[in-house]
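Below: start_19.txt (compact mmCIF, C-alpha atoms)
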```txt
# COMPACT_ATOMS: atom_id res chain seq x y z
CA VAL Y 136 97.06 -84.66 -38.03
CA PHE Y 137 97.78 -84.53 -34.27
CA MET Y 138 94.21 -85.54 -33.49
CA CYS Y 139 94.35 -88.71 -35.58
CA PRO Y 140 96.11 -91.02 -33.07
CA TRP Y 141 93.72 -90.02 -30.29
CA GLU Y 142 90.68 -90.51 -32.50
CA ILE Y 143 91.93 -93.97 -33.51
CA ILE Y 144 92.50 -94.93 -29.86
CA LYS Y 145 89.03 -93.63 -28.94
CA VAL Y 146 87.44 -95.70 -31.70
CA GLN Y 147 89.44 -98.80 -30.74
CA MET Y 148 88.32 -98.44 -27.14
CA GLN Y 149 84.68 -97.82 -28.15
CA THR Y 150 84.48 -100.69 -30.61
CA SER Y 151 86.41 -103.30 -28.67
CA THR Y 152 84.64 -106.65 -28.78
CA SER Y 153 86.29 -108.01 -25.65
CA SER Y 154 84.57 -107.74 -22.26
CA SER Y 155 87.16 -105.18 -21.15
CA PRO Y 156 88.28 -102.57 -23.69
CA PRO Y 157 92.01 -101.91 -24.08
CA ARG Y 158 93.57 -99.47 -21.67
CA LEU Y 159 94.93 -96.20 -22.99
CA GLY Y 160 98.57 -97.21 -22.64
CA THR Y 161 98.04 -100.56 -24.35
CA ALA Y 162 96.09 -98.95 -27.20
CA LEU Y 163 98.75 -96.25 -27.69
CA LEU Y 164 101.56 -98.81 -27.74
CA SER Y 165 99.65 -100.95 -30.24
CA LEU Y 166 99.10 -97.90 -32.45
CA LEU Y 167 102.76 -96.93 -32.37
CA GLN Y 168 103.66 -100.42 -33.55
CA GLN Y 169 101.40 -99.92 -36.61
CA PRO Y 170 102.18 -96.41 -37.93
CA THR Y 171 100.51 -97.12 -41.29
CA VAL Y 172 97.15 -97.19 -39.47
CA LEU Y 173 97.61 -93.50 -38.69
CA TRP Y 174 98.01 -92.52 -42.34
CA ALA Y 175 95.29 -94.88 -43.54
CA SER Y 176 92.80 -93.26 -41.14
CA LEU Y 177 93.72 -89.68 -41.96
CA GLY Y 178 91.48 -89.48 -45.08
CA PRO Y 179 88.27 -90.55 -43.34
CA LEU Y 180 89.11 -88.36 -40.33
CA TRP Y 181 89.59 -85.29 -42.51
CA GLY Y 182 86.53 -86.27 -44.54
CA ARG Y 183 84.51 -86.20 -41.36
CA GLN Y 184 86.05 -83.14 -39.69
CA ILE Y 185 86.51 -80.79 -42.63
CA ALA Y 186 83.30 -81.56 -44.50
CA GLY Y 187 81.21 -81.64 -41.32
CA THR Y 188 82.61 -78.36 -40.00
CA MET Y 189 82.15 -76.56 -43.32
CA ALA Y 190 78.57 -77.83 -43.55
CA ASN Y 191 77.93 -76.76 -39.96
CA PHE Y 192 79.02 -73.14 -40.39
CA PHE Y 193 77.53 -72.72 -43.87
CA THR Y 194 74.19 -74.19 -42.86
CA PHE Y 195 73.98 -72.29 -39.58
CA GLU Y 196 74.24 -68.89 -41.27
CA HIS Y 197 71.68 -69.75 -43.93
CA ALA Y 198 69.29 -71.40 -41.46
CA ALA Y 199 69.41 -68.40 -39.10
CA ARG Y 200 68.85 -65.98 -41.97
CA GLY Y 201 65.96 -68.12 -43.25
CA ILE Y 202 64.30 -68.26 -39.83
CA TYR Y 203 64.50 -64.49 -39.41
CA ARG Y 204 63.19 -63.75 -42.92
CA ASN Y 205 60.65 -66.54 -43.47
CA VAL Y 206 59.44 -67.58 -40.03
CA LEU Y 207 59.73 -64.39 -37.95
CA GLN Y 208 59.38 -62.16 -41.03
CA VAL Y 209 61.78 -59.47 -39.87
CA GLU Y 210 64.36 -57.58 -41.92
CA HIS Y 211 67.03 -57.46 -39.20
CA LYS Y 212 67.57 -59.66 -36.18
CA ARG Y 213 67.97 -56.57 -34.00
CA GLU Y 214 64.17 -56.18 -34.30
CA CYS Y 215 63.91 -59.30 -32.09
CA SER Y 216 64.60 -59.64 -28.38
CA ILE Y 217 67.77 -61.42 -27.22
CA SER Y 218 65.70 -64.41 -26.06
CA THR Y 219 64.14 -64.69 -29.53
CA GLN Y 220 67.59 -64.41 -31.12
CA LEU Y 221 68.88 -67.18 -28.86
CA THR Y 222 65.89 -69.34 -29.80
CA VAL Y 223 66.79 -68.77 -33.47
CA THR Y 224 70.38 -69.75 -32.60
CA LEU Y 225 69.17 -73.00 -31.03
CA ALA Y 226 66.93 -73.88 -34.00
CA ALA Y 227 69.57 -72.93 -36.61
CA GLY Y 228 72.15 -74.85 -34.58
CA TYR Y 229 70.03 -78.00 -34.68
CA ILE Y 230 69.47 -77.63 -38.41
CA SER Y 231 73.20 -77.16 -39.00
CA GLY Y 232 73.92 -80.14 -36.75
CA LEU Y 233 71.53 -82.26 -38.77
CA VAL Y 234 73.14 -81.26 -42.08
CA SER Y 235 76.73 -81.61 -40.84
CA THR Y 236 75.89 -85.06 -39.44
CA ILE Y 237 74.48 -86.22 -42.77
CA VAL Y 238 77.56 -84.87 -44.56
CA SER Y 239 80.10 -86.40 -42.18
CA HIS Y 240 78.36 -89.70 -41.35
CA PRO Y 241 79.81 -91.84 -44.20
CA ALA Y 242 83.38 -90.79 -43.36
CA ASP Y 243 82.74 -91.28 -39.63
CA SER Y 244 81.38 -94.77 -40.27
CA LEU Y 245 84.41 -95.57 -42.41
CA PHE Y 246 86.73 -94.21 -39.71
CA SER Y 247 85.07 -96.43 -37.10
CA LEU Y 248 85.40 -99.47 -39.35
CA LYS Y 249 89.08 -98.66 -39.93
CA GLY Y 250 89.58 -98.56 -36.15
CA ARG Y 251 88.09 -102.04 -35.81
CA HIS Y 252 89.81 -103.47 -38.88
CA PRO Y 253 93.11 -101.60 -39.35
CA ASP Y 254 94.47 -104.22 -41.76
CA ARG Y 255 91.63 -103.81 -44.29
CA SER Y 256 91.69 -101.43 -47.26
CA MET Y 257 89.08 -98.70 -47.63
CA ALA Y 258 87.46 -100.59 -50.53
CA GLU Y 259 87.19 -103.71 -48.35
CA LEU Y 260 85.65 -101.67 -45.54
CA VAL Y 261 83.04 -100.17 -47.87
CA GLN Y 262 82.21 -103.65 -49.14
CA MET Y 263 82.12 -104.98 -45.56
CA ALA Y 264 79.63 -102.24 -44.62
CA GLY Y 265 77.34 -103.32 -47.45
CA GLY Y 266 78.16 -100.50 -49.87
CA TRP Y 267 78.12 -96.72 -49.82
CA GLN Y 268 74.38 -96.43 -49.27
CA ASN Y 269 74.57 -98.56 -46.14
CA LEU Y 270 77.67 -96.70 -44.99
CA ALA Y 271 75.81 -93.40 -45.35
CA THR Y 272 72.55 -94.44 -43.69
CA LYS Y 273 73.17 -97.15 -41.08
CA GLY Y 274 72.95 -95.55 -37.63
CA LEU Y 275 72.23 -92.10 -39.06
CA GLY Y 276 69.00 -91.45 -37.11
CA PRO Y 277 70.47 -91.81 -33.60
CA ARG Y 278 73.56 -89.91 -34.67
CA ILE Y 279 71.45 -87.00 -35.94
CA ALA Y 280 69.53 -86.90 -32.65
CA MET Y 281 72.74 -86.90 -30.62
CA THR Y 282 74.97 -84.70 -32.78
CA GLY Y 283 72.22 -82.28 -33.77
CA SER Y 284 71.48 -81.63 -30.10
CA ILE Y 285 75.15 -81.25 -29.19
CA ILE Y 286 75.81 -78.79 -32.01
CA ALA Y 287 72.62 -76.83 -31.22
CA TYR Y 288 73.70 -76.41 -27.61
CA GLN Y 289 77.24 -75.46 -28.64
CA TRP Y 290 75.83 -72.63 -30.77
CA LEU Y 291 73.50 -71.64 -27.92
CA ALA Y 292 76.37 -71.56 -25.40
CA TYR Y 293 78.52 -69.53 -27.81
CA ASP Y 294 75.80 -66.97 -28.55
CA SER Y 295 74.72 -66.76 -24.90
CA PHE Y 296 78.29 -65.92 -23.96
CA LYS Y 297 78.57 -63.37 -26.77
CA SER Y 298 75.26 -61.80 -25.75
CA ALA Y 299 76.30 -61.63 -22.10
CA LEU Y 300 79.38 -59.65 -23.24
CA GLY Y 301 77.20 -57.33 -25.32
CA MET Y 302 78.50 -58.66 -28.66
CA GLY Y 303 75.12 -59.79 -30.03
CA THR Y 304 74.24 -63.15 -31.55
CA THR Y 305 75.62 -64.97 -34.58
CA GLY Y 306 73.76 -65.52 -37.83
CA GLY Y 307 71.05 -63.67 -39.65
```
Take the structure from the file and write it as structure tokens.
Amino acid sequence: VFMCPWEIIKVQMQTSTSSSPPRLGTALLSLLQQPTVLWASLGPLWGRQIAGTMANFFTFEHAARGIYRNVLQVEHKRECSISTQLTVTLAAGYISGLVSTIVSHPADSLFSLKGRHPDRSMAELVQMAGGWQNLATKGLGPRIAMTGSIIAYQWLAYDSFKSALGMGTTGG
């Protein structure tokens, strides 16, 4: 809930059609004058954050386990070196980033449209996007490349830190 205003401001600044995007103070003041925009954007924001995060963690565990069992053909990850485990982390992280991006993309697209057109209803925004299929697929490829990489490196950084502390890696 506390993240919603900042996400809306970020989207407004990113999607501004003028030659100079609104400044933070101006965008915040404009948002405070339209409090219904906050509540209208909460559904798509939660749809993106909650669904994407759940898909990320669920997929990461299964992807890591699948890589160990089916690709490396080992019973336990401890049979592999730390560098191999971190490589599995990176690959499983990219797979989980890909899946979480696909899951969260429609809600993220809707959230961006709501930021550009705060006065429109969700049904109007879906229609404006060209329907659910368009909402779910337009811009998905570049977003997978970007978000998949970011999530993969987040998992790698997390597991590298854990390994440096002697706590082992995640997954598998």
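Reported to one decimal place, the separation of CA of Trp267 in chain Y from CA of Ile185 in chain Y is 19.4 Å.
The shell of residues at most 8 Å from range 206-221 of chain Y, with all atoms listed in the file counted and near chain neighbours (fewer than 2 positions) removed, consists of Gly201, Ile202, Tyr203, Arg204, Val223, Thr224, Leu225, Leu291, Asp294, Ser295, Ser298, Thr304 and Gly307 of chain Y.
For the pair CA of Gly303 in chain Y and CA of Val238 in chain Y, the separation is 29.1 Å.
Picture a line from CA of Val234 in chain Y to CA of Met189 in chain Y; it runs 10.2 Å.
Using all atoms listed in the file, the residues found no farther than 10 Å from Ser235 in chain Y, other than those of its own chain fewer than 4 positions away, are Arg183, Gln184, Ile185, Ala186, Gly187, Thr188, Met189, Ala190, Asn191, Phe192, Phe193, Thr194, Phe195, Tyr229, Ile230, Ser231, Ser239, His240, Ile279, Thr282, Gly283 and Ile286 of chain Y.
Among the candidate residues Y:His197, Y:Lys297, Y:Lys273, Y:His252, the one lying nearest to Ala226 in chain Y is Y:His197, with distances computed using all atoms listed in the file.
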Contacts of Gly274 in chain Y at 12 Å (all atoms listed in the file; same-chain gap of 4+ positions) as a PyMOL selection string: chain Y and resi 236-237+240-241+243-244+264+268-270+278-281
